[in-house]
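A.B. asks: Structure supplied as upload.cif; contents: mmCIF, N, CA and C atoms.
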```cif
data_coords
loop_
_atom_site.group_PDB
_atom_site.id
_atom_site.type_symbol
_atom_site.label_atom_id
_atom_site.label_comp_id
_atom_site.auth_asym_id
_atom_site.auth_seq_id
_atom_site.Cartn_x
_atom_site.Cartn_y
_atom_site.Cartn_z
ATOM 1 N N MET A 1 6.213 10.173 -24.904
ATOM 2 C CA MET A 1 7.658 10.139 -24.944
ATOM 3 C C MET A 1 8.100 8.825 -25.581
ATOM 4 N N THR A 2 8.990 8.888 -26.495
ATOM 5 C CA THR A 2 9.501 7.677 -27.135
ATOM 6 C C THR A 2 10.655 7.122 -26.330
ATOM 7 N N THR A 3 11.001 5.863 -26.600
ATOM 8 C CA THR A 3 12.107 5.246 -25.875
ATOM 9 C C THR A 3 13.430 5.941 -26.174
ATOM 10 N N GLU A 4 13.530 6.621 -27.309
ATOM 11 C CA GLU A 4 14.748 7.352 -27.639
ATOM 12 C C GLU A 4 14.957 8.516 -26.681
ATOM 13 N N ASN A 5 13.865 9.103 -26.191
ATOM 14 C CA ASN A 5 13.951 10.247 -25.297
ATOM 15 C C ASN A 5 14.128 9.846 -23.834
ATOM 16 N N GLN A 6 13.870 8.585 -23.506
ATOM 17 C CA GLN A 6 13.990 8.138 -22.128
ATOM 18 C C GLN A 6 15.452 7.933 -21.773
ATOM 19 N N LYS A 7 15.803 8.348 -20.556
ATOM 20 C CA LYS A 7 17.170 8.176 -20.090
ATOM 21 C C LYS A 7 17.221 7.014 -19.116
ATOM 22 N N LYS A 8 18.307 6.274 -19.166
ATOM 23 C CA LYS A 8 18.522 5.168 -18.252
ATOM 24 C C LYS A 8 18.987 5.725 -16.913
ATOM 25 N N ILE A 9 18.363 5.240 -15.837
ATOM 26 C CA ILE A 9 18.741 5.666 -14.493
ATOM 27 C C ILE A 9 19.372 4.475 -13.786
ATOM 28 N N ASN A 10 20.585 4.652 -13.314
ATOM 29 C CA ASN A 10 21.236 3.629 -12.515
ATOM 30 C C ASN A 10 20.868 3.856 -11.054
ATOM 31 N N VAL A 11 20.329 2.835 -10.416
ATOM 32 C CA VAL A 11 19.908 2.938 -9.026
ATOM 33 C C VAL A 11 20.868 2.133 -8.174
ATOM 34 N N LYS A 12 21.383 2.754 -7.129
ATOM 35 C CA LYS A 12 22.278 2.078 -6.200
ATOM 36 C C LYS A 12 21.620 2.067 -4.821
ATOM 37 N N ILE A 13 21.811 0.977 -4.103
ATOM 38 C CA ILE A 13 21.252 0.862 -2.762
ATOM 39 C C ILE A 13 22.297 0.225 -1.859
ATOM 40 N N ASP A 14 22.552 0.845 -0.706
ATOM 41 C CA ASP A 14 23.551 0.250 0.177
ATOM 42 C C ASP A 14 22.938 -0.927 0.939
ATOM 43 N N GLU A 15 23.771 -1.742 1.507
ATOM 44 C CA GLU A 15 23.332 -2.998 2.112
ATOM 45 C C GLU A 15 22.329 -2.783 3.250
ATOM 46 N N ALA A 16 22.564 -1.815 4.101
ATOM 47 C CA ALA A 16 21.663 -1.582 5.239
ATOM 48 C C ALA A 16 20.267 -1.191 4.761
ATOM 49 N N VAL A 17 20.180 -0.331 3.768
ATOM 50 C CA VAL A 17 18.885 0.077 3.231
ATOM 51 C C VAL A 17 18.242 -1.091 2.492
ATOM 52 N N GLY A 18 19.045 -1.870 1.786
ATOM 53 C CA GLY A 18 18.542 -3.009 1.023
ATOM 54 C C GLY A 18 17.910 -4.088 1.887
ATOM 55 N N GLU A 19 18.300 -4.180 3.146
ATOM 56 C CA GLU A 19 17.697 -5.156 4.055
ATOM 57 C C GLU A 19 16.254 -4.797 4.376
ATOM 58 N N GLY A 20 15.912 -3.540 4.305
ATOM 59 C CA GLY A 20 14.542 -3.096 4.537
ATOM 60 C C GLY A 20 14.166 -3.039 6.006
ATOM 61 N N ILE A 21 13.004 -2.451 6.249
ATOM 62 C CA ILE A 21 12.438 -2.346 7.585
ATOM 63 C C ILE A 21 10.989 -2.790 7.491
ATOM 64 N N TYR A 22 10.590 -3.726 8.343
ATOM 65 C CA TYR A 22 9.209 -4.191 8.355
ATOM 66 C C TYR A 22 8.310 -3.122 8.959
ATOM 67 N N ALA A 23 7.159 -2.887 8.325
ATOM 68 C CA ALA A 23 6.189 -1.916 8.837
ATOM 69 C C ALA A 23 4.794 -2.511 8.758
ATOM 70 N N ASN A 24 4.021 -2.350 9.837
ATOM 71 C CA ASN A 24 2.619 -2.750 9.841
ATOM 72 C C ASN A 24 1.730 -1.614 10.359
ATOM 73 N N PHE A 25 2.313 -0.422 10.408
ATOM 74 C CA PHE A 25 1.616 0.768 10.876
ATOM 75 C C PHE A 25 2.050 1.927 9.997
ATOM 76 N N PHE A 26 1.087 2.689 9.476
ATOM 77 C CA PHE A 26 1.392 3.761 8.535
ATOM 78 C C PHE A 26 0.597 5.009 8.892
ATOM 79 N N MET A 27 1.207 6.139 8.731
ATOM 80 C CA MET A 27 0.513 7.415 8.896
ATOM 81 C C MET A 27 0.924 8.312 7.729
ATOM 82 N N ILE A 28 -0.028 9.046 7.205
ATOM 83 C CA ILE A 28 0.264 9.995 6.133
ATOM 84 C C ILE A 28 -0.338 11.340 6.520
ATOM 85 N N THR A 29 0.481 12.366 6.481
ATOM 86 C CA THR A 29 0.011 13.729 6.709
ATOM 87 C C THR A 29 0.505 14.577 5.548
ATOM 88 N N ASN A 30 -0.105 15.735 5.392
ATOM 89 C CA ASN A 30 0.331 16.587 4.288
ATOM 90 C C ASN A 30 0.127 18.056 4.606
ATOM 91 N N SER A 31 0.878 18.852 3.885
ATOM 92 C CA SER A 31 0.740 20.306 3.879
ATOM 93 C C SER A 31 0.523 20.688 2.418
ATOM 94 N N PRO A 32 0.337 21.951 2.123
ATOM 95 C CA PRO A 32 0.177 22.325 0.709
ATOM 96 C C PRO A 32 1.390 21.989 -0.164
ATOM 97 N N SER A 33 2.568 21.826 0.448
ATOM 98 C CA SER A 33 3.769 21.623 -0.363
ATOM 99 C C SER A 33 4.422 20.255 -0.225
ATOM 100 N N GLU A 34 3.961 19.404 0.718
ATOM 101 C CA GLU A 34 4.610 18.111 0.875
ATOM 102 C C GLU A 34 3.687 17.083 1.519
ATOM 103 N N PHE A 35 4.017 15.828 1.275
ATOM 104 C CA PHE A 35 3.385 14.699 1.937
ATOM 105 C C PHE A 35 4.426 14.066 2.843
ATOM 106 N N ILE A 36 4.010 13.640 4.029
ATOM 107 C CA ILE A 36 4.893 12.962 4.978
ATOM 108 C C ILE A 36 4.334 11.571 5.192
ATOM 109 N N LEU A 37 5.130 10.559 4.856
ATOM 110 C CA LEU A 37 4.727 9.166 5.009
ATOM 111 C C LEU A 37 5.566 8.548 6.124
ATOM 112 N N ASP A 38 4.914 8.132 7.192
ATOM 113 C CA ASP A 38 5.589 7.493 8.314
ATOM 114 C C ASP A 38 5.305 5.999 8.281
ATOM 115 N N PHE A 39 6.351 5.192 8.469
ATOM 116 C CA PHE A 39 6.263 3.742 8.471
ATOM 117 C C PHE A 39 6.756 3.250 9.824
ATOM 118 N N GLY A 40 5.943 2.448 10.493
ATOM 119 C CA GLY A 40 6.330 1.976 11.809
ATOM 120 C C GLY A 40 5.776 0.602 12.112
ATOM 121 N N ARG A 41 5.922 0.221 13.372
ATOM 122 C CA ARG A 41 5.425 -1.074 13.825
ATOM 123 C C ARG A 41 4.649 -0.885 15.107
ATOM 124 N N ILE A 42 3.587 -1.645 15.204
ATOM 125 C CA ILE A 42 2.834 -1.750 16.440
ATOM 126 C C ILE A 42 2.772 -3.233 16.765
ATOM 127 N N LEU A 43 3.057 -3.573 18.011
ATOM 128 C CA LEU A 43 3.126 -4.970 18.414
ATOM 129 C C LEU A 43 2.047 -5.284 19.439
ATOM 130 N N PRO A 44 1.502 -6.502 19.381
ATOM 131 C CA PRO A 44 0.474 -6.885 20.363
ATOM 132 C C PRO A 44 1.006 -6.745 21.789
ATOM 133 N N GLY A 45 0.173 -6.205 22.643
ATOM 134 C CA GLY A 45 0.533 -6.072 24.048
ATOM 135 C C GLY A 45 1.326 -4.828 24.389
ATOM 136 N N LEU A 46 1.762 -4.089 23.392
ATOM 137 C CA LEU A 46 2.496 -2.854 23.652
ATOM 138 C C LEU A 46 1.607 -1.668 23.314
ATOM 139 N N PRO A 47 1.584 -0.651 24.174
ATOM 140 C CA PRO A 47 0.638 0.455 23.974
ATOM 141 C C PRO A 47 1.033 1.462 22.899
ATOM 142 N N ASN A 48 2.298 1.466 22.485
ATOM 143 C CA ASN A 48 2.762 2.501 21.563
ATOM 144 C C ASN A 48 3.300 1.912 20.267
ATOM 145 N N ALA A 49 3.075 2.637 19.180
ATOM 146 C CA ALA A 49 3.698 2.297 17.900
ATOM 147 C C ALA A 49 4.978 3.110 17.787
ATOM 148 N N LYS A 50 5.965 2.561 17.091
ATOM 149 C CA LYS A 50 7.219 3.271 16.882
ATOM 150 C C LYS A 50 7.420 3.480 15.387
ATOM 151 N N ILE A 51 7.761 4.716 15.009
ATOM 152 C CA ILE A 51 8.043 5.039 13.618
ATOM 153 C C ILE A 51 9.511 4.732 13.347
ATOM 154 N N TYR A 52 9.765 3.956 12.272
ATOM 155 C CA TYR A 52 11.123 3.564 11.909
ATOM 156 C C TYR A 52 11.637 4.293 10.676
ATOM 157 N N SER A 53 10.736 4.850 9.888
ATOM 158 C CA SER A 53 11.178 5.549 8.687
ATOM 159 C C SER A 53 10.161 6.628 8.331
ATOM 160 N N ARG A 54 10.656 7.767 7.894
ATOM 161 C CA ARG A 54 9.795 8.879 7.463
ATOM 162 C C ARG A 54 10.263 9.327 6.090
ATOM 163 N N ILE A 55 9.312 9.417 5.163
ATOM 164 C CA ILE A 55 9.598 9.872 3.804
ATOM 165 C C ILE A 55 8.840 11.173 3.575
ATOM 166 N N LEU A 56 9.545 12.194 3.115
ATOM 167 C CA LEU A 56 8.926 13.461 2.738
ATOM 168 C C LEU A 56 9.006 13.578 1.229
ATOM 169 N N THR A 57 7.895 13.977 0.610
ATOM 170 C CA THR A 57 7.869 14.060 -0.849
ATOM 171 C C THR A 57 6.880 15.138 -1.290
ATOM 172 N N THR A 58 6.953 15.490 -2.549
ATOM 173 C CA THR A 58 6.054 16.502 -3.103
ATOM 174 C C THR A 58 4.683 15.878 -3.376
ATOM 175 N N PRO A 59 3.634 16.692 -3.483
ATOM 176 C CA PRO A 59 2.321 16.148 -3.854
ATOM 177 C C PRO A 59 2.360 15.398 -5.192
ATOM 178 N N GLN A 60 3.121 15.899 -6.157
ATOM 179 C CA GLN A 60 3.209 15.237 -7.455
ATOM 180 C C GLN A 60 3.850 13.852 -7.326
ATOM 181 N N HIS A 61 4.902 13.738 -6.543
ATOM 182 C CA HIS A 61 5.544 12.439 -6.357
ATOM 183 C C HIS A 61 4.659 11.502 -5.535
ATOM 184 N N ALA A 62 3.909 12.046 -4.588
ATOM 185 C CA ALA A 62 2.983 11.216 -3.818
ATOM 186 C C ALA A 62 1.925 10.606 -4.737
ATOM 187 N N LYS A 63 1.430 11.395 -5.686
ATOM 188 C CA LYS A 63 0.439 10.882 -6.629
ATOM 189 C C LYS A 63 1.050 9.841 -7.562
ATOM 190 N N GLN A 64 2.275 10.061 -8.005
ATOM 191 C CA GLN A 64 2.959 9.058 -8.820
ATOM 192 C C GLN A 64 3.132 7.757 -8.026
ATOM 193 N N PHE A 65 3.476 7.876 -6.747
ATOM 194 C CA PHE A 65 3.618 6.707 -5.871
ATOM 195 C C PHE A 65 2.292 5.961 -5.767
ATOM 196 N N LEU A 66 1.192 6.687 -5.597
ATOM 197 C CA LEU A 66 -0.136 6.075 -5.539
ATOM 198 C C LEU A 66 -0.403 5.246 -6.787
ATOM 199 N N HIS A 67 -0.129 5.805 -7.957
ATOM 200 C CA HIS A 67 -0.398 5.109 -9.224
ATOM 201 C C HIS A 67 0.469 3.865 -9.395
ATOM 202 N N ILE A 68 1.753 3.970 -9.089
ATOM 203 C CA ILE A 68 2.626 2.809 -9.276
ATOM 204 C C ILE A 68 2.341 1.736 -8.228
ATOM 205 N N LEU A 69 1.964 2.134 -7.013
ATOM 206 C CA LEU A 69 1.584 1.152 -5.994
ATOM 207 C C LEU A 69 0.307 0.430 -6.414
ATOM 208 N N GLN A 70 -0.682 1.159 -6.928
ATOM 209 C CA GLN A 70 -1.929 0.534 -7.386
ATOM 210 C C GLN A 70 -1.664 -0.434 -8.533
ATOM 211 N N LYS A 71 -0.798 -0.050 -9.452
ATOM 212 C CA LYS A 71 -0.449 -0.932 -10.565
ATOM 213 C C LYS A 71 0.207 -2.217 -10.053
ATOM 214 N N ASN A 72 1.086 -2.098 -9.070
ATOM 215 C CA ASN A 72 1.747 -3.270 -8.505
ATOM 216 C C ASN A 72 0.775 -4.149 -7.733
ATOM 217 N N ILE A 73 -0.170 -3.554 -7.018
ATOM 218 C CA ILE A 73 -1.185 -4.343 -6.311
ATOM 219 C C ILE A 73 -2.063 -5.079 -7.311
ATOM 220 N N ASP A 74 -2.468 -4.400 -8.381
ATOM 221 C CA ASP A 74 -3.277 -5.050 -9.418
ATOM 222 C C ASP A 74 -2.536 -6.247 -10.015
ATOM 223 N N ASN A 75 -1.251 -6.084 -10.333
ATOM 224 C CA ASN A 75 -0.457 -7.184 -10.884
ATOM 225 C C ASN A 75 -0.323 -8.327 -9.876
ATOM 226 N N PHE A 76 -0.112 -7.996 -8.617
ATOM 227 C CA PHE A 76 0.004 -9.020 -7.577
ATOM 228 C C PHE A 76 -1.284 -9.831 -7.488
ATOM 229 N N GLU A 77 -2.438 -9.125 -7.445
ATOM 230 C CA GLU A 77 -3.718 -9.819 -7.321
ATOM 231 C C GLU A 77 -4.031 -10.642 -8.568
ATOM 232 N N LYS A 78 -3.604 -10.196 -9.713
ATOM 233 C CA LYS A 78 -3.804 -10.966 -10.941
ATOM 234 C C LYS A 78 -3.049 -12.301 -10.850
ATOM 235 N N ASN A 79 -1.854 -12.274 -10.259
ATOM 236 C CA ASN A 79 -1.021 -13.473 -10.177
ATOM 237 C C ASN A 79 -1.288 -14.337 -8.946
ATOM 238 N N HIS A 80 -1.761 -13.725 -7.848
ATOM 239 C CA HIS A 80 -1.857 -14.448 -6.576
ATOM 240 C C HIS A 80 -3.242 -14.428 -5.945
ATOM 241 N N GLY A 81 -4.194 -13.755 -6.546
ATOM 242 C CA GLY A 81 -5.528 -13.658 -5.974
ATOM 243 C C GLY A 81 -5.694 -12.386 -5.160
ATOM 244 N N GLU A 82 -6.946 -12.115 -4.831
ATOM 245 C CA GLU A 82 -7.288 -10.878 -4.122
ATOM 246 C C GLU A 82 -6.626 -10.817 -2.756
ATOM 247 N N ILE A 83 -6.129 -9.656 -2.414
ATOM 248 C CA ILE A 83 -5.581 -9.412 -1.084
ATOM 249 C C ILE A 83 -6.766 -9.100 -0.176
ATOM 250 N N LYS A 84 -6.996 -9.938 0.820
ATOM 251 C CA LYS A 84 -8.098 -9.735 1.766
ATOM 252 C C LYS A 84 -7.630 -8.820 2.892
ATOM 253 N N LEU A 85 -8.480 -7.895 3.272
ATOM 254 C CA LEU A 85 -8.184 -7.010 4.388
ATOM 255 C C LEU A 85 -8.929 -7.491 5.623
ATOM 256 N N PRO A 86 -8.243 -7.662 6.746
ATOM 257 C CA PRO A 86 -8.929 -8.105 7.958
ATOM 258 C C PRO A 86 -9.942 -7.067 8.416
ATOM 259 N N GLY A 87 -11.054 -7.556 8.915
ATOM 260 C CA GLY A 87 -12.088 -6.650 9.400
ATOM 261 C C GLY A 87 -13.015 -6.140 8.330
ATOM 262 N N THR A 88 -12.778 -6.507 7.078
ATOM 263 C CA THR A 88 -13.654 -6.099 5.989
ATOM 264 C C THR A 88 -14.754 -7.143 5.855
ATOM 265 N N PRO A 89 -16.001 -6.734 6.025
ATOM 266 C CA PRO A 89 -17.071 -7.732 5.926
ATOM 267 C C PRO A 89 -17.174 -8.301 4.517
ATOM 268 N N GLU A 90 -17.344 -9.611 4.447
ATOM 269 C CA GLU A 90 -17.539 -10.242 3.145
ATOM 270 C C GLU A 90 -18.981 -10.025 2.724
ATOM 271 N N GLU A 91 -19.210 -10.019 1.425
ATOM 272 C CA GLU A 91 -20.569 -9.874 0.939
ATOM 273 C C GLU A 91 -21.343 -11.131 1.273
ATOM 274 N N LYS A 92 -22.434 -10.955 2.016
ATOM 275 C CA LYS A 92 -23.269 -12.083 2.385
ATOM 276 C C LYS A 92 -24.713 -11.727 2.085
ATOM 277 N N ASP A 93 -25.477 -12.751 1.691
ATOM 278 C CA ASP A 93 -26.897 -12.530 1.479
ATOM 279 C C ASP A 93 -27.562 -12.344 2.833
ATOM 280 N N ILE A 94 -28.418 -11.340 2.906
ATOM 281 C CA ILE A 94 -29.128 -11.064 4.144
ATOM 282 C C ILE A 94 -30.616 -11.211 3.865
ATOM 283 N N GLY A 95 -31.309 -11.849 4.762
ATOM 284 C CA GLY A 95 -32.752 -11.995 4.612
ATOM 285 C C GLY A 95 -33.128 -13.408 4.228
ATOM 286 N N PHE A 96 -34.374 -13.553 3.813
ATOM 287 C CA PHE A 96 -34.903 -14.861 3.471
ATOM 288 C C PHE A 96 -34.571 -15.213 2.034
ATOM 289 N N LYS A 97 -34.372 -16.493 1.810
ATOM 290 C CA LYS A 97 -34.144 -16.992 0.459
ATOM 291 C C LYS A 97 -35.219 -18.014 0.148
ATOM 292 N N SER A 98 -35.612 -18.032 -1.099
ATOM 293 C CA SER A 98 -36.569 -19.044 -1.547
ATOM 294 C C SER A 98 -35.819 -20.274 -1.977
ATOM 295 N N SER A 99 -36.380 -21.406 -1.689
ATOM 296 C CA SER A 99 -35.780 -22.646 -2.167
ATOM 297 C C SER A 99 -36.901 -23.619 -2.501
ATOM 298 N N GLY A 100 -36.570 -24.606 -3.237
ATOM 299 C CA GLY A 100 -37.588 -25.602 -3.572
ATOM 300 C C GLY A 100 -38.091 -25.422 -4.978
ATOM 301 N N GLN A 101 -39.283 -25.997 -5.257
ATOM 302 C CA GLN A 101 -39.824 -26.057 -6.606
ATOM 303 C C GLN A 101 -40.145 -24.691 -7.182
ATOM 304 N N ASN A 102 -40.661 -23.796 -6.403
ATOM 305 C CA ASN A 102 -41.147 -22.520 -6.925
ATOM 306 C C ASN A 102 -40.094 -21.405 -6.838
ATOM 307 N N ALA A 103 -38.895 -21.764 -6.562
ATOM 308 C CA ALA A 103 -37.855 -20.752 -6.386
ATOM 309 C C ALA A 103 -37.442 -20.146 -7.704
#
```
If you convert what's in this file into C-alpha cells, what do you get?
C.D. replies:
Amino acid sequence: MTTENQKKINVKIDEAVGEGIYANFFMITNSPSEFILDFGRILPGLPNAKIYSRILTTPQHAKQFLHILQKNIDNFEKNHGEIKLPGTPEEKDIGFKSSGQNA
C-alpha cells in the first residue's frame, strides 16, 4: 500500500482513559471467534487478583497486537537494554572449567 492510499485516523481519548490503569496481572483466553484480554492487579499479602479492564478482540486483531507489541519491545530494548524477567535463570557455566597454562 502506498502512502497515497493510507488514510489518516484521528484518535481521541478522554481524560479518564488517558490516565490509564496499572496492571501486573494478565490473563488471555480465546474462543474460535474472539480473544479476551484481562488486565488486573495482584498485591503482596492479598489472596485475590482483581481485573480492572477487559478487552475483547478478533483473532486477527490479537495477532496484529502481538506484532506491534513485539516491535515496541524490540525498540525499547534497543534503546534501554534487555528487559529482564524475574525468575528466569541466567545462563551460567555448569561443571568444571580448566584454568592455568594448559587451558
A.B. asks: Can you tell me how far atom CA of A:Thr29 sits from atom CA of A:Thr57, in Å to one decimal?
C.D. replies: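 That distance, rounded to one decimal, is 10.9 Å.
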A.B. asks: Give me the result of the PyMOL selection byres ((chain A and resi 39) around 6) on this file, residue by residue, as an mmCIF file with N, CA and C atoms, in the coordinates of the input.
C.D. replies:
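result03.cif, written as the output of this step:
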```cif
data_model
loop_
_atom_site.group_PDB
_atom_site.id
_atom_site.type_symbol
_atom_site.label_atom_id
_atom_site.label_comp_id
_atom_site.auth_asym_id
_atom_site.auth_seq_id
_atom_site.Cartn_x
_atom_site.Cartn_y
_atom_site.Cartn_z
ATOM 1 N N ALA A 23 7.159 -2.887 8.325
ATOM 2 C CA ALA A 23 6.189 -1.916 8.837
ATOM 3 C C ALA A 23 4.794 -2.511 8.758
ATOM 4 N N PHE A 25 2.313 -0.422 10.408
ATOM 5 C CA PHE A 25 1.616 0.768 10.876
ATOM 6 C C PHE A 25 2.050 1.927 9.997
ATOM 7 N N PHE A 26 1.087 2.689 9.476
ATOM 8 C CA PHE A 26 1.392 3.761 8.535
ATOM 9 C C PHE A 26 0.597 5.009 8.892
ATOM 10 N N MET A 27 1.207 6.139 8.731
ATOM 11 C CA MET A 27 0.513 7.415 8.896
ATOM 12 C C MET A 27 0.924 8.312 7.729
ATOM 13 N N LEU A 37 5.130 10.559 4.856
ATOM 14 C CA LEU A 37 4.727 9.166 5.009
ATOM 15 C C LEU A 37 5.566 8.548 6.124
ATOM 16 N N ASP A 38 4.914 8.132 7.192
ATOM 17 C CA ASP A 38 5.589 7.493 8.314
ATOM 18 C C ASP A 38 5.305 5.999 8.281
ATOM 19 N N GLY A 40 5.943 2.448 10.493
ATOM 20 C CA GLY A 40 6.330 1.976 11.809
ATOM 21 C C GLY A 40 5.776 0.602 12.112
ATOM 22 N N ARG A 41 5.922 0.221 13.372
ATOM 23 C CA ARG A 41 5.425 -1.074 13.825
ATOM 24 C C ARG A 41 4.649 -0.885 15.107
ATOM 25 N N LYS A 50 5.965 2.561 17.091
ATOM 26 C CA LYS A 50 7.219 3.271 16.882
ATOM 27 C C LYS A 50 7.420 3.480 15.387
ATOM 28 N N ILE A 51 7.761 4.716 15.009
ATOM 29 C CA ILE A 51 8.043 5.039 13.618
ATOM 30 C C ILE A 51 9.511 4.732 13.347
ATOM 31 N N TYR A 52 9.765 3.956 12.272
ATOM 32 C CA TYR A 52 11.123 3.564 11.909
ATOM 33 C C TYR A 52 11.637 4.293 10.676
ATOM 34 N N SER A 53 10.736 4.850 9.888
ATOM 35 C CA SER A 53 11.178 5.549 8.687
ATOM 36 C C SER A 53 10.161 6.628 8.331
ATOM 37 N N ARG A 54 10.656 7.767 7.894
ATOM 38 C CA ARG A 54 9.795 8.879 7.463
ATOM 39 C C ARG A 54 10.263 9.327 6.090
#
```
A.B. asks: Quick one: DSSP strand (DSSP E) residues in chain A, as a ChimeraX atom specification?
C.D. replies: /A:25-30,35-41,50-57
A.B. asks: So for stretch 68-86 of chain A, what box centre and size do we get, axis-aligned, 4 Å extra on each of the six sides, every listed atom, Å to one decimal, as lines of an AutoDock Vina configuration file?
C.D. replies:
```
center_x = -3.7
center_y = -5.2
center_z = -1.3
size_x = 20.6
size_y = 26.4
size_z = 27.4
```
